[in-house]
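Below is one structure, written out as structure tokens; the observations come after it.
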Amino acid sequence: MQLGKIVGTVVASRKDEKLEGLRLQLVKYVDTDGKPTGSFVVAADSVGAGVGEVVLVACGSSARMTQATDNKPVDAVIMAIVDVLEIDGDMKYVK
Amino acid sequence: MQLGKIVGTVVASRKDEKLEGLRLQLVKYVDTDGKPTGSFVVAADSVGAGVGEVVLVACGSSARMTQATDNKPVDAVIMAIVDVLEIDGDMKYVK
Amino acid sequence: MQLGKIVGTVVASRKDEKLEGLRLQLVKYVDTDGKPTGSFVVAADSVGAGVGEVVLVACGSSARMTQATDNKPVDAVIMAIVDVLEIDGDMKYVK
Amino acid sequence: MQLGKIVGTVVASRKDEKLEGLRLQLVKYVDTDGKPTGSFVVAADSVGAGVGEVVLVACGSSARMTQATDNKPVDAVIMAIVDVLEIDGDMKYVK
Amino acid sequence: MQLGKIVGTVVASRKDEKLEGLRLQLVKYVDTDGKPTGSFVVAADSVGAGVGEVVLVACGSSARMTQATDNKPVDAVIMAIVDVLEIDGDMKYVK
């Protein structure tokens with residue numbers, strides 16, 4: 001998984017019918033210091049995460065392993081909201 | 001998923017038989033400001049999107065989760081046409 | 001899918017038994033102007049494509065969705081020979 | 001698989017229910033000299049590895065092939081702890 | 001698939017039980033001139049390849065399509081030993 005921060009939302013009315021009701025969030029990837037890496041992904045939300053939250057994103061077929069995304073044409077899912085990121089004994093991030 | 005803009009079409013008469021009738025679009029990836037990132041993908045179209053439209057592209061096995069692409073040898077699909085892209089409260093893109 | 005040009009062939013006598021009879025082509029990826037991007041892939045051929053032809057390559061599990069590659073340990077397949085590539089109304093490539 | 005070194009932990013209370021009880025480790029990728037490459041991954045732990053250990057990480061759908069990760073929305077798993085890394089007859093790393 | 005050269009071995013005693021008996025080789029990726037690209041992968045061996053040999057590596061779910069790797073948590077497999085690499089009529093590599 002990668003670390004990311006939700007910065008926005010994508011709205012699409014014309015889409016594959018299986019995507020109906022699925023929230024698509026724009027997630028900027030961040031490094032272990034919380035700084036944006038410069039790349040981003042549009043991910044389906046399976047945990048009710050909102051703008052500003054630091055999250056984990058799973059990509060590929062694993063993105064379809066949540067109840068919200070099962071069998072759907074999405075290749076990225078937010079599957080966890082990060083509470084604490086601890087590196088070398090340092091609390092790098094606390095929600 | 002990644003954001004992209006459809007810029008063209010690929011025509012192929014000699015191809016895997018399962019691809020018959022499937023439209024293949026050339027999509028240039030764009031960043032959150034709508035600027036081309038420099039890379040592109042040829043994606044199957046599952047939503048009737050046309051040249052000039054900003055779309056979402058799903059890659060990998062998830063590209064086969066639409067009715068149009070089920071079980072077919074394609075690794076990228078256009079599964080949504082973007083209406084609105086909102087970042088940090090800004091309407092970055094409105095169709 | 002990515003665009004590529006077949007430039008050569010890989011011969012391997014010692015290999016997974018499922019690969020018997022499968023042709024492995026060396027494909028250099030090209031951009032939308034037909035210029036090599038600098039990277040390449042060795043892909044299984046499912047359409048009888050030959051050296052010099054511009055083709056589409058599908059990667060990942062989708063590479064196993066052709067009759068020639070079903071269930072085989074290959075992660076890239078040539079699944080179409082490009083006839084026409086049209087971008088912004090320009091015929092960028094015609095076979 | 002890629003080589004990595006476990007440097008920390010990610011704690012998430014709000015997450016997909018299938019992730020309950022799964023330990024998420026922060027792994028910095030290293031090269032064959034053990035030097036960090038600059039990129040990292042958050043991986044599920046299937047072997048009881050701890051901070052400081054050099055491990056192998058499998059990504060994509062293969063990350064779901066362990067008992068700990070079966071069917072879960074994770075795209076990276078620690079599936080081995082490295083004892084010895086031998087290159088060109090040199091013991092590059094011994095645990 | 002990518003071209004690579006086997007340069008070493010990874011030994012791991014603590015690992016997912018399905019990996020028991022599977023040989024893990026360190027493969028440096030090479031370009032079409034046989035020069036190292038700078039990146040590498042740890043791949044399961046399904047063909048009895050040894051150090052110094054030029055091989056093909058399949059990644060992702062396709063890495064599980066050999067008898068040796070079926071259903072196992074590995075994302076890269078050596079599935080062929082290269083005998084000949086011919087590009088533009090040149091024998092770039094002969095074993």
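The way I read the labels, and the way they are meant: chains A, B, ... in the order of the structure tokens, residue 1 as the first residue of every chain, and ligand 1 as the first ligand shown, with later ones counted on from there.
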
Practice problem: Using only C-alpha atoms, find which residues of chain D lie within 12 Å of chain E and jot them down as a ChimeraX atom specification. | Solution: /D:1-4,29-33,37,45-49,53-70,75-95

Practice problem: Give me every strand (DSSP E or B) residue in stretch 24-88 of chain B, going by DSSP on the backbone, as JSON, numbers by chain. | Solution: {"B": [24, 25, 26, 27, 28, 29, 30, 36, 37, 38, 39, 40, 41, 42, 43, 44, 45, 54, 55, 56, 57, 58, 59, 76, 77, 78, 79, 80, 81, 84, 85, 86, 87]}

Atoms to include: C-alpha atoms. Write the selected residues as a CSV table (one decimal), in the first residue's frame.
chain,number,residue,atom,x,y,z
B,24,LEU,CA,-9.7,1.7,-28.6
B,25,GLN,CA,-9.0,5.2,-27.6
B,26,LEU,CA,-5.6,7.0,-27.2
B,27,VAL,CA,-5.6,8.7,-23.8
B,28,LYS,CA,-3.0,11.2,-22.7
B,29,TYR,CA,-2.6,11.2,-18.9
B,30,VAL,CA,-3.1,14.6,-17.3
B,36,PRO,CA,-0.4,16.3,-19.9
B,37,THR,CA,2.1,14.3,-17.9
B,38,GLY,CA,3.9,13.1,-21.0
B,39,SER,CA,2.7,9.5,-20.8
B,40,PHE,CA,-0.3,7.9,-22.5
B,41,VAL,CA,-2.2,4.7,-22.7
B,42,VAL,CA,-4.4,3.0,-25.3
B,43,ALA,CA,-7.6,2.1,-23.5
B,44,ALA,CA,-10.8,0.3,-24.3
B,45,ASP,CA,-13.9,2.5,-24.1
B,54,VAL,CA,-11.5,14.1,-19.6
B,55,VAL,CA,-11.9,10.6,-18.4
B,56,LEU,CA,-10.9,8.1,-15.7
B,57,VAL,CA,-8.8,5.1,-16.8
B,58,ALA,CA,-8.6,1.9,-14.7
B,59,CYS,CA,-5.7,-0.5,-15.4
B,76,ALA,CA,-6.8,-0.4,-19.6
B,77,VAL,CA,-10.4,0.8,-19.8
B,78,ILE,CA,-12.2,4.1,-19.8
B,79,MET,CA,-14.8,3.6,-17.1
B,80,ALA,CA,-16.0,7.1,-16.4
B,81,ILE,CA,-16.2,10.6,-18.0
B,84,VAL,CA,-16.2,17.8,-12.0
B,85,LEU,CA,-12.7,17.7,-10.4
B,86,GLU,CA,-12.7,19.5,-7.1
B,87,ILE,CA,-9.4,20.0,-5.1
